[in-house]
Structures are given as C-alpha cells and as structure tokens.
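Next comes protein-v9.tsv, with TSV, C-alpha atoms and all ligand atoms.
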chain	number	residue	atom	x	y	z
A	1	MET	CA	63.47	52.02	13.28
A	2	ASN	CA	65.11	48.66	13.59
A	3	ARG	CA	63.09	45.95	11.94
A	4	ILE	CA	63.08	42.23	12.55
A	5	PHE	CA	62.22	39.46	10.14
A	6	SER	CA	62.30	35.80	11.07
A	7	GLY	CA	60.70	32.60	9.88
A	8	VAL	CA	59.83	29.02	10.73
A	9	GLN	CA	58.99	26.16	8.40
A	10	PRO	CA	55.62	24.41	8.66
A	11	THR	CA	57.16	21.01	8.06
A	12	GLY	CA	56.12	19.19	11.20
A	13	ASN	CA	55.72	19.76	14.88
A	14	LEU	CA	57.39	22.72	16.48
A	15	HIS	CA	59.97	21.37	18.89
A	16	LEU	CA	61.87	22.62	21.90
A	17	GLY	CA	64.79	23.74	19.69
A	18	ASN	CA	62.50	26.02	17.67
A	19	TYR	CA	61.01	27.39	20.86
A	20	LEU	CA	64.16	28.00	22.89
A	21	GLY	CA	66.44	28.87	19.96
A	22	ALA	CA	64.05	31.23	18.21
A	23	ILE	CA	60.40	31.70	19.12
A	24	ARG	CA	60.92	32.57	22.77
A	25	ASN	CA	63.43	35.21	21.75
A	26	TRP	CA	60.91	36.64	19.28
A	27	VAL	CA	58.42	37.04	22.10
A	28	ASN	CA	60.96	39.08	24.05
A	29	LEU	CA	62.04	41.18	21.07
A	30	GLN	CA	58.55	42.24	19.97
A	31	ASN	CA	58.55	45.16	22.39
A	32	ASP	CA	61.71	46.75	21.05
A	33	TYR	CA	61.44	46.20	17.30
A	34	GLU	CA	58.97	46.33	14.48
A	35	CYS	CA	58.62	42.60	13.70
A	36	LEU	CA	57.50	40.31	10.91
A	37	PHE	CA	57.22	36.61	11.69
A	38	CYS	CA	56.68	34.34	8.75
A	39	VAL	CA	55.50	30.76	8.37
A	40	VAL	CA	57.70	29.85	5.42
A	41	ASP	CA	55.57	27.49	3.37
A	42	LEU	CA	57.55	28.18	0.18
A	43	HIS	CA	60.64	26.89	1.96
A	44	ALA	CA	58.69	23.87	3.21
A	45	ILE	CA	58.01	22.59	-0.32
A	46	THR	CA	61.71	22.31	-1.11
A	47	MET	CA	61.07	18.82	0.34
A	48	TRP	CA	57.85	16.88	-0.38
A	49	GLN	CA	54.83	17.92	1.74
A	50	GLU	CA	51.39	16.31	1.66
A	51	PRO	CA	48.99	19.18	0.76
A	52	ASP	CA	46.56	18.59	3.63
A	53	GLN	CA	49.40	18.17	6.07
A	54	LEU	CA	51.04	21.39	4.86
A	55	ARG	CA	47.80	23.31	5.48
A	56	ALA	CA	47.41	21.75	8.93
A	57	ASN	CA	51.05	22.41	9.83
A	58	THR	CA	50.77	26.03	8.70
A	59	ARG	CA	47.85	26.51	11.10
A	60	GLU	CA	49.60	24.63	13.89
A	61	VAL	CA	52.83	26.61	13.65
A	62	THR	CA	50.84	29.84	13.58
A	63	ALA	CA	48.95	28.73	16.67
A	64	GLY	CA	52.32	27.98	18.29
A	65	LEU	CA	53.59	31.50	17.65
A	66	LEU	CA	50.40	33.01	19.06
A	67	ALA	CA	50.36	30.68	22.05
A	68	ALA	CA	53.98	31.49	22.84
A	69	GLY	CA	52.95	35.12	23.21
A	70	ILE	CA	53.49	36.88	19.89
A	71	ASP	CA	50.91	39.62	19.51
A	72	PRO	CA	49.39	39.56	15.99
A	73	LYS	CA	48.25	43.16	16.18
A	74	LYS	CA	51.58	44.62	17.16
A	75	ASN	CA	53.56	42.36	14.82
A	76	ILE	CA	52.89	40.87	11.41
A	77	ILE	CA	52.35	37.12	11.35
A	78	PHE	CA	51.77	35.67	7.89
A	79	ASN	CA	52.51	32.78	5.56
A	80	GLN	CA	55.09	33.38	2.89
A	81	SER	CA	53.21	32.02	-0.15
A	82	GLN	CA	50.56	34.69	0.26
A	83	VAL	CA	52.98	37.52	-0.47
A	84	SER	CA	54.15	36.83	-4.01
A	85	ALA	CA	56.91	39.43	-3.79
A	86	HIS	CA	58.98	36.84	-1.86
A	87	SER	CA	59.13	34.60	-4.93
A	88	GLU	CA	59.77	37.52	-7.25
A	89	LEU	CA	62.69	38.88	-5.25
A	90	ALA	CA	64.04	35.34	-4.79
A	91	TRP	CA	64.23	34.98	-8.57
A	92	ILE	CA	66.19	38.22	-8.79
A	93	PHE	CA	68.54	36.93	-6.09
A	94	ASN	CA	68.99	33.70	-8.05
A	95	CYS	CA	70.62	35.98	-10.57
A	96	VAL	CA	72.72	37.83	-7.97
A	97	ALA	CA	74.03	34.92	-5.87
A	98	ARG	CA	76.86	32.84	-7.32
A	99	MET	CA	76.89	29.04	-7.65
A	100	GLY	CA	80.10	28.96	-5.63
A	101	TRP	CA	78.36	30.64	-2.69
A	102	LEU	CA	75.52	28.14	-2.65
A	103	ASN	CA	77.89	25.21	-3.07
A	104	ARG	CA	79.31	26.05	0.35
A	105	MET	CA	75.97	25.84	2.19
A	106	THR	CA	76.15	23.05	4.74
A	107	GLN	CA	72.38	22.75	5.15
A	108	PHE	CA	71.97	21.76	1.50
A	109	LYS	CA	74.66	19.12	1.90
A	110	GLU	CA	72.97	17.75	5.03
A	111	LYS	CA	69.46	17.76	3.60
A	112	ALA	CA	70.33	16.49	0.14
A	113	GLY	CA	72.51	13.76	1.65
A	114	LYS	CA	73.98	11.22	-0.71
A	115	HIS	CA	71.31	11.76	-3.35
A	116	LYS	CA	72.19	15.26	-4.45
A	117	GLU	CA	71.05	14.60	-8.01
A	118	ASN	CA	67.57	13.90	-6.71
A	119	ALA	CA	67.21	17.01	-4.54
A	120	SER	CA	64.87	19.72	-5.80
A	121	VAL	CA	66.37	22.81	-7.41
A	122	GLY	CA	64.40	24.70	-4.74
A	123	LEU	CA	66.38	23.03	-1.96
A	124	TYR	CA	69.58	24.27	-3.59
A	125	ALA	CA	68.27	27.82	-4.07
A	126	TYR	CA	66.66	27.84	-0.58
A	127	PRO	CA	69.10	30.41	0.88
A	128	ASN	CA	68.30	32.90	-1.91
A	129	LEU	CA	64.63	32.76	-0.96
A	130	MET	CA	65.59	33.29	2.66
A	131	ALA	CA	67.62	36.35	1.65
A	132	ALA	CA	64.57	37.60	-0.25
A	133	ASP	CA	62.37	37.14	2.85
A	134	ILE	CA	64.63	39.32	4.93
A	135	LEU	CA	65.65	41.96	2.39
A	136	LEU	CA	62.14	42.42	0.99
A	137	TYR	CA	61.33	44.28	4.20
A	138	ARG	CA	64.81	45.74	4.51
A	139	ALA	CA	65.02	44.07	7.91
A	140	THR	CA	67.98	45.09	10.05
A	141	HIS	CA	67.96	42.19	12.53
A	142	VAL	CA	67.20	38.48	12.23
A	143	PRO	CA	66.74	36.42	15.41
A	144	VAL	CA	67.51	32.75	14.70
A	145	GLY	CA	69.14	29.65	16.15
A	146	GLU	CA	72.81	28.96	15.49
A	147	ASP	CA	72.05	26.67	12.53
A	148	GLN	CA	70.89	29.62	10.39
A	149	LYS	CA	74.10	31.62	10.75
A	150	GLN	CA	75.57	30.59	7.42
A	151	HIS	CA	72.36	31.52	5.60
A	152	LEU	CA	72.49	34.96	7.15
A	153	GLU	CA	76.06	35.45	6.01
A	154	LEU	CA	74.88	34.62	2.50
A	155	THR	CA	72.03	37.13	2.87
A	156	ARG	CA	74.58	39.82	3.69
A	157	ASP	CA	76.70	38.79	0.68
A	158	ILE	CA	73.67	39.05	-1.60
A	159	ALA	CA	72.70	42.47	-0.20
A	160	GLN	CA	76.24	43.70	-0.63
A	161	LYS	CA	76.62	42.38	-4.18
A	162	PHE	CA	73.28	43.89	-5.20
A	163	ASN	CA	74.30	47.27	-3.75
A	164	ASN	CA	77.72	47.09	-5.44
A	165	ASP	CA	76.49	45.86	-8.82
A	166	PHE	CA	73.88	48.59	-9.12
A	167	LYS	CA	75.91	51.23	-7.25
A	168	VAL	CA	73.16	51.86	-4.74
A	169	ASP	CA	72.91	51.84	-0.98
A	170	PHE	CA	69.57	50.07	-1.00
A	171	PHE	CA	69.64	46.95	1.15
A	172	PRO	CA	70.88	47.11	4.75
A	173	LEU	CA	73.23	44.30	5.79
A	174	PRO	CA	71.07	42.49	8.37
A	175	GLU	CA	72.57	41.45	11.69
A	176	PRO	CA	71.89	37.99	13.12
A	177	LEU	CA	70.54	37.92	16.68
A	178	ILE	CA	71.64	34.61	18.15
A	179	PHE	CA	71.36	34.64	21.92
A	180	GLY	CA	70.22	32.76	25.01
A	181	GLU	CA	71.42	29.52	26.60
A	182	ALA	CA	69.88	27.35	23.88
A	183	THR	CA	71.06	28.65	20.52
A	184	ARG	CA	71.67	25.06	19.50
A	185	VAL	CA	69.50	22.50	21.28
A	186	MET	CA	70.83	19.02	20.58
A	187	SER	CA	69.06	15.69	20.04
A	188	LEU	CA	68.16	13.93	23.29
A	189	LYS	CA	69.59	10.74	21.80
A	190	ASP	CA	72.85	12.08	20.38
A	191	GLY	CA	74.54	15.18	21.76
A	192	THR	CA	76.44	15.73	18.51
A	193	LYS	CA	73.29	16.16	16.37
A	194	LYS	CA	70.92	19.11	16.60
A	195	MET	CA	67.32	18.55	17.67
A	196	SER	CA	65.37	18.51	14.42
A	197	LYS	CA	61.95	17.85	12.94
A	198	SER	CA	63.43	15.46	10.45
A	199	ASP	CA	65.11	13.09	12.95
A	200	GLN	CA	63.64	9.58	12.57
A	201	SER	CA	63.53	9.06	16.32
A	202	GLU	CA	60.62	10.65	18.19
A	203	LEU	CA	62.67	10.23	21.36
A	204	SER	CA	65.26	12.65	20.00
A	205	ARG	CA	63.05	15.71	20.40
A	206	ILE	CA	60.40	17.29	22.61
A	207	ASN	CA	57.52	18.50	20.50
A	208	MET	CA	55.47	21.49	21.57
A	209	THR	CA	52.43	19.23	21.30
A	210	ASP	CA	53.80	16.38	23.50
A	211	SER	CA	51.81	15.38	26.57
A	212	ALA	CA	53.31	15.80	30.04
A	213	ASP	CA	53.88	12.04	30.17
A	214	ASP	CA	55.71	12.03	26.86
A	215	ILE	CA	57.90	14.95	27.88
A	216	ALA	CA	58.83	13.18	31.13
A	217	LYS	CA	59.46	9.89	29.30
A	218	LYS	CA	61.67	11.49	26.66
A	219	ILE	CA	63.75	13.28	29.28
A	220	ARG	CA	64.04	10.09	31.36
A	221	LYS	CA	65.25	8.21	28.30
A	222	ALA	CA	67.63	10.96	27.16
A	223	LYS	CA	71.20	9.80	26.69
A	224	THR	CA	73.58	10.85	29.49
A	225	ASP	CA	76.83	9.66	31.03
A	226	THR	CA	77.53	8.11	34.41
A	227	GLU	CA	79.33	11.04	36.06
A	228	PRO	CA	77.49	13.33	38.48
A	229	LEU	CA	76.87	16.94	37.43
A	230	PRO	CA	80.02	19.09	37.66
A	231	GLU	CA	80.51	22.33	39.59
A	232	ASN	CA	80.76	24.63	36.61
A	233	SER	CA	80.47	24.75	32.83
A	234	LYS	CA	84.14	23.83	32.36
A	235	GLY	CA	83.24	20.41	33.75
A	236	LEU	CA	80.77	19.90	30.89
A	237	GLU	CA	83.50	19.92	28.25
A	238	GLY	CA	83.47	16.67	26.30
A	239	ARG	CA	80.07	15.77	27.81
A	240	ALA	CA	77.76	16.82	24.98
A	241	GLU	CA	74.59	15.15	26.29
A	242	ALA	CA	75.04	16.47	29.83
A	243	ALA	CA	75.78	19.96	28.48
A	244	ASN	CA	72.62	19.82	26.37
A	245	LEU	CA	70.32	18.92	29.27
A	246	VAL	CA	71.85	21.54	31.54
A	247	GLY	CA	71.54	24.11	28.71
A	248	ILE	CA	67.87	23.25	28.27
A	249	TYR	CA	67.29	23.63	32.00
A	250	ALA	CA	69.06	27.01	32.00
A	251	ALA	CA	67.08	28.25	29.00
A	252	LEU	CA	63.73	27.10	30.41
A	253	SER	CA	64.40	28.69	33.78
A	254	GLU	CA	65.91	31.80	32.16
A	255	THR	CA	69.17	31.56	34.00
A	256	THR	CA	72.74	30.53	33.12
A	257	THR	CA	74.40	27.14	32.85
A	258	ASP	CA	76.69	28.00	35.76
A	259	ALA	CA	73.74	28.93	37.97
A	260	VAL	CA	72.07	25.58	37.18
A	261	LEU	CA	75.29	23.73	38.04
A	262	THR	CA	75.64	25.59	41.32
A	263	GLN	CA	72.20	24.25	42.21
A	264	PHE	CA	72.68	20.64	41.02
A	265	SER	CA	76.44	20.03	41.28
A	266	GLY	CA	77.16	16.52	42.55
A	267	ASP	CA	73.68	15.20	41.71
A	268	GLY	CA	73.22	12.18	39.48
A	269	PHE	CA	71.13	12.32	36.34
A	270	ALA	CA	68.12	10.49	37.75
A	271	ALA	CA	67.40	13.37	40.13
A	272	PHE	CA	68.34	16.06	37.63
A	273	LYS	CA	66.15	14.58	34.91
A	274	GLN	CA	63.17	14.54	37.25
A	275	ASN	CA	63.69	18.24	37.98
A	276	LEU	CA	64.13	19.01	34.29
A	277	ALA	CA	60.96	17.13	33.36
A	278	ASP	CA	58.95	19.00	36.01
A	279	LEU	CA	60.34	22.31	34.79
A	280	ALA	CA	59.69	21.53	31.11
A	281	VAL	CA	56.10	20.52	31.80
A	282	ALA	CA	55.49	23.59	33.96
A	283	LYS	CA	56.89	25.94	31.30
A	284	LEU	CA	55.38	24.29	28.24
A	285	SER	CA	51.92	23.29	29.43
A	286	PRO	CA	50.40	26.81	29.45
A	287	ILE	CA	51.61	27.27	25.87
A	288	GLN	CA	50.23	23.88	24.92
A	289	ASP	CA	46.85	24.63	26.46
A	290	GLU	CA	46.65	27.87	24.51
A	291	MET	CA	47.73	26.12	21.31
A	292	ARG	CA	44.94	23.58	21.72
A	293	ARG	CA	42.43	26.34	22.32
A	294	LEU	CA	43.58	28.19	19.20
A	295	MET	CA	43.59	25.05	17.08
A	296	ALA	CA	39.98	24.48	18.02
A	297	ASP	CA	39.24	27.92	16.56
A	298	GLY	CA	40.74	27.56	13.06
A	299	ALA	CA	38.89	30.64	11.80
A	300	TYR	CA	40.81	32.90	14.17
A	301	VAL	CA	44.18	31.50	13.11
A	302	ASP	CA	43.26	31.91	9.43
A	303	GLU	CA	42.17	35.47	10.08
A	304	VAL	CA	45.53	36.28	11.72
A	305	LEU	CA	47.34	35.00	8.62
A	306	ARG	CA	45.00	36.79	6.23
A	307	ASP	CA	45.41	40.10	8.02
A	308	GLY	CA	49.19	39.61	8.36
A	309	SER	CA	49.59	38.76	4.68
A	310	GLU	CA	47.69	41.86	3.67
A	311	ARG	CA	49.87	44.09	5.84
A	312	ALA	CA	53.05	42.37	4.64
A	313	ARG	CA	52.01	42.81	0.99
A	314	LYS	CA	51.62	46.54	1.54
A	315	MET	CA	55.12	46.79	2.95
A	316	ALA	CA	56.67	44.58	0.28
A	317	GLU	CA	55.21	46.21	-2.79
A	318	PRO	CA	57.06	49.55	-2.77
A	319	VAL	CA	60.36	47.79	-2.03
A	320	LEU	CA	59.90	45.39	-4.93
A	321	ASN	CA	58.96	48.29	-7.20
A	322	GLU	CA	62.14	50.11	-6.24
A	323	VAL	CA	64.18	46.99	-6.90
A	324	GLN	CA	62.59	46.71	-10.33
A	325	ASP	CA	63.49	50.31	-11.09
A	326	ILE	CA	67.07	49.79	-9.92
A	327	ILE	CA	67.44	46.70	-12.12
A	328	GLY	CA	65.94	48.37	-15.16
A	329	PHE	CA	62.66	46.51	-15.48
A	330	LEU	CA	60.28	48.79	-17.37
A	331	ARG	CA	57.19	49.56	-15.29
A	332	ALA	CA	55.16	51.15	-18.06
B	1	LIG	P1	63.46	26.17	10.91
B	1	LIG	O1	62.02	26.06	10.57
B	1	LIG	O2	64.34	25.00	10.71
B	1	LIG	O3	63.63	26.63	12.41
B	1	LIG	C1	62.97	27.78	12.93
B	1	LIG	C2	63.88	28.46	13.94
B	1	LIG	O4	64.24	27.53	14.97
B	1	LIG	C3	65.65	27.49	15.11
B	1	LIG	N1	66.05	26.12	15.46
B	1	LIG	C4	66.81	25.82	16.51
B	1	LIG	N2	67.37	26.57	17.46
B	1	LIG	C5	68.09	25.94	18.42
B	1	LIG	N3	68.27	24.59	18.46
B	1	LIG	C6	67.72	23.79	17.51
B	1	LIG	N4	67.88	22.47	17.57
B	1	LIG	C7	66.96	24.41	16.48
B	1	LIG	N5	66.28	23.92	15.41
B	1	LIG	C8	65.73	24.98	14.80
B	1	LIG	C9	66.20	27.88	13.75
B	1	LIG	O5	67.52	28.37	13.83
B	1	LIG	C10	65.21	28.93	13.31
B	1	LIG	O6	65.56	30.20	13.84
B	1	LIG	N6	65.52	28.66	7.06
B	1	LIG	C11	64.79	28.83	8.31
B	1	LIG	C12	63.46	29.54	8.15
B	1	LIG	C13	63.54	30.86	7.43
B	1	LIG	C14	64.04	32.08	7.98
B	1	LIG	C15	63.84	33.04	6.96
B	1	LIG	C16	64.60	32.41	9.20
B	1	LIG	C17	63.09	31.12	6.18
B	1	LIG	N7	63.28	32.43	5.89
B	1	LIG	C18	64.25	34.36	7.14
B	1	LIG	C19	65.00	33.75	9.38
B	1	LIG	C20	64.82	34.69	8.36
B	1	LIG	C21	64.48	27.44	8.89
B	1	LIG	O7	64.48	26.47	8.19
B	1	LIG	O8	64.10	27.45	10.18
Spell out the structure here as structure tokens.
Amino acid sequence: MNRIFSGVQPTGNLHLGNYLGAIRNWVNLQNDYECLFCVVDLHAITMWQEPDQLRANTREVTAGLLAAGIDPKKNIIFNQSQVSAHSELAWIFNCVARMGWLNRMTQFKEKAGKHKENASVGLYAYPNLMAADILLYRATHVPVGEDQKQHLELTRDIAQKFNNDFKVDFFPLPEPLIFGEATRVMSLKDGTKKMSKSDQSELSRINMTDSADDIAKKIRKAKTDTEPLPENSKGLEGRAEAANLVGIYAALSETTTDAVLTQFSGDGFAAFKQNLADLAVAKLSPIQDEMRRLMADGAYVDEVLRDGSERARKMAEPVLNEVQDIIGFLRA
C-alpha cells in the first residue's frame, strides 16, 4: 500500500499557503493512501519558541488539520516529539548525510541569514530530521508545497546512500506530490517572496484565524499593478502579484488559472479583489468556525494527538529495530 507522510511546523498561525499548498491536498489524498500527518514540534525548536506558545500552537495547528477535514481515525495525526524514534533515526541520518549536501540547502541559507554562526546546529541538520520523519514509516509519497522540494531530494539521497552503504533494499525512495494551482502562494505584499509565517508584515499573509474583515482588508491592500486582468495565463508573465492573486482564486474555487481569467478578463483589480475576498471568506469561514469549536475543547485535540502518537510509535518501532540491526547495533 502506498503510504503518505507529511508535516507542518507549529511555529505560528497556519496561513493560506499552508492550506492551499499542503493541507487541502492532504484532505483529498486521505481516501487513497494510508496517511500520517505530523505536527513537527522538533523542527519548530530549531528556532526559538516560547514554551507556552509552542504548546498553544501545537494545539492550534492540530485543530486546523481536523477542521480542514482530516479524519483522525482513518489517518494518524500526532506531534513529532512524542515518538522518540524520529530523533533516533535523525541521529543515524546525521551520520549518513554529507556536509556538502546540507551546505546546498537553500532554506538553511534563508533562515540563518547573515548570522550563520549564530544559527542552531538543529537548523542546519533540519533536513536530516525531515528525512527521518518520512523514512521512519517507509512512506512512498510526500505531499508538500514547492518550497520543500529540495528537502525531499535530500531525503531520497539519504535513503539511497543508506541502502547502498549497507547493501540493502530497505528504504523506498519517496516521491514528492506537489500539485494544485497554489504550490507556491506568494506574499500579498511582494510577489517575489513566498507567503510565510516568519514575514514581519501581517499584511503579507492570510492567516487561517483571520476574521472576515481582516481577510477582505488584506486582499484589498494586496500589491497589484495597473493593468486589467489578461485573457489567459500567458498575459500574467512578468506580473507576479497579479499571477499570485489569480492563482489563489483558482485554488480556492478548485479550477484553473485560465478558467479564472476567462471569467474576469478585462476587469480591473478593484472588482477582482472584491470577488476574491468574498470567495476566500466563503471558503475559509466554515473551517475557521470548526477550528474555534475545536480550540474550545482542548481535551479532544489532546486526545487526538495522544492516540495518534501511540499508533505512530507502534509503526515506528519495528522499522527502527530493523535499522539498528542493519547498522550493527547490538540489541541484546
Ligand atoms: P511548513 O510548516 O513550513 O509548511 C507546511 C506545508 O505548507 C507548505 N507551504 C506552502 N505551500 C504553498 N505556498 C506557500 N507559501 C507555503 N508555505 C508553506 C509547505 O511546503 C509544507 O508542505 N519542513 C516542513 C515540515 C516537515 C515535513 C516533514 C514535511 C517536517 N517533516 C516531512 C513533509 C514531510 C515545513 O517546514 O513545512
């Protein structure tokens, strides 16, 4: 059976990029695959997190996954720190991956910025932990946004090197699943930067917890150009902000960019933004209502994570044991 693993960091509010690039796809995939969805708190602490905030964010992100429609009975939803095999396999992968491979990771360069010397060792080794997440369950498919592609290539390199070094055919080489009209949702303020939790400007992103008024305001204030909307996607070339808004509309309405342009071609942005705001509010508000309801019932969310962690542990243990045998660790 094909198996999916994917994860999301509890580092702040879930935003529209997380939803359209990843979570909504997970909801659709849960019927065709055996799935594990992980709130990756070990990854979160590669940058400083306030302890109370980390706990609250872990619950909020979990509520977001549930509210979006992921079924916790059919799938496994859990937080990474509660399955210690992730850390154990990550250490082993620290010894498989090469420095040269990690030196090429663009996310480390972006996140560490100019102060590389000050970044945590964890931030540098982050992709090895991600490889451990996926390979611990011998997942075959990994649905993510475009920004995670390089990390998945590294995961395949690690799996391959492990198999070669120990002359085994143990880890599958997982395939990325990157699809939909919003694999890379951009900042509302700068069409060359991706929408991200860490952007200083609140106006750059739509959070899953934003009120209808805030969503409408952020879309109204989104950067655009002065040209009307073109007839087809070719006309969006060189118009990053326009392309982003049209892409968001297409993803939210589950259609294509060209279909959206057929509908709005020739319109100015004032009218288009109004339509986009109405659509975003209509699509997001049921999820938001459900998130609020779940957040008010913290015990249920905790129980989902507890149950998920227990099931994940059971799956992880035999794989880790086999890895230990392959490596030559004595299990006396
Ligand atoms: P994270 O928490 O940054 O993002 C979670 C998911 O959302 C996608 N995403 C986006 N998609 C489209 N447009 C955007 N602007 C955008 N921003 C975020 C991400 O691609 C991701 O799919 N390293 C991962 C978490 C992780 C993981 C894993 C993922 C840890 N272990 C194992 C898959 C498999 C991350 O930081 O995601």
List as a CSV table (one decimal) with C-alpha atoms, in the coordinates of the input: which residues have an atom within 12 Å of (44.4, 30.3, 12.1), counting all atoms listed in the file?
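Output file selection.csv follows:
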chain,number,residue,atom,x,y,z
A,39,VAL,CA,55.5,30.8,8.4
A,55,ARG,CA,47.8,23.3,5.5
A,56,ALA,CA,47.4,21.8,8.9
A,57,ASN,CA,51.0,22.4,9.8
A,58,THR,CA,50.8,26.0,8.7
A,59,ARG,CA,47.8,26.5,11.1
A,60,GLU,CA,49.6,24.6,13.9
A,61,VAL,CA,52.8,26.6,13.6
A,62,THR,CA,50.8,29.8,13.6
A,63,ALA,CA,49.0,28.7,16.7
A,64,GLY,CA,52.3,28.0,18.3
A,65,LEU,CA,53.6,31.5,17.6
A,66,LEU,CA,50.4,33.0,19.1
A,67,ALA,CA,50.4,30.7,22.0
A,72,PRO,CA,49.4,39.6,16.0
A,77,ILE,CA,52.4,37.1,11.4
A,78,PHE,CA,51.8,35.7,7.9
A,79,ASN,CA,52.5,32.8,5.6
A,291,MET,CA,47.7,26.1,21.3
A,292,ARG,CA,44.9,23.6,21.7
A,293,ARG,CA,42.4,26.3,22.3
A,294,LEU,CA,43.6,28.2,19.2
A,295,MET,CA,43.6,25.0,17.1
A,296,ALA,CA,40.0,24.5,18.0
A,297,ASP,CA,39.2,27.9,16.6
A,298,GLY,CA,40.7,27.6,13.1
A,299,ALA,CA,38.9,30.6,11.8
A,300,TYR,CA,40.8,32.9,14.2
A,301,VAL,CA,44.2,31.5,13.1
A,302,ASP,CA,43.3,31.9,9.4
A,303,GLU,CA,42.2,35.5,10.1
A,304,VAL,CA,45.5,36.3,11.7
A,305,LEU,CA,47.3,35.0,8.6
A,306,ARG,CA,45.0,36.8,6.2
A,307,ASP,CA,45.4,40.1,8.0
A,308,GLY,CA,49.2,39.6,8.4
Polymer residues at most 10 Å from range 139-147 of chain A, only C-alpha atoms, same-chain spacing of 5 or more positions, as a PyMOL selection string: chain A and resi 1-8+17-23+25-26+29+33-36+106-107+133-134+152+171-180+182-185+194
Find the residues around Ala97 in chain A up to 8 Å (all atoms listed in the file counted), leave out those fewer than 5 positions away in its own chain, and share them as a tab-separated table (two decimals) with C-alpha atoms, keeping the file's coordinate frame.
chain	number	residue	atom	x	y	z
A	102	LEU	CA	75.52	28.14	-2.65
A	128	ASN	CA	68.30	32.90	-1.91
A	158	ILE	CA	73.67	39.05	-1.60
From A:Val96, A:Arg138, A:Gln150, A:Met105, residue lying nearest Tyr124 in chain A [all atoms listed in the file]: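 Nearest candidate to Tyr124 in chain A out of A:Val96, A:Arg138, A:Gln150, A:Met105: A:Met105.
Closest to ligand LIG 1 (chain B) among A:Ile206, A:Ile76, A:Leu245, A:Leu129 is A:Leu129, based on only C-alpha atoms and all ligand atoms.
Across the structure, CA of His86 in chain A and CA of Ala132 in chain A are spaced 5.9 Å apart.
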For atom C6 of ligand LIG 1 (chain B) and CA of Met195 in chain A, the interatomic separation in Å (one decimal):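 It comes out at 5.3 Å.
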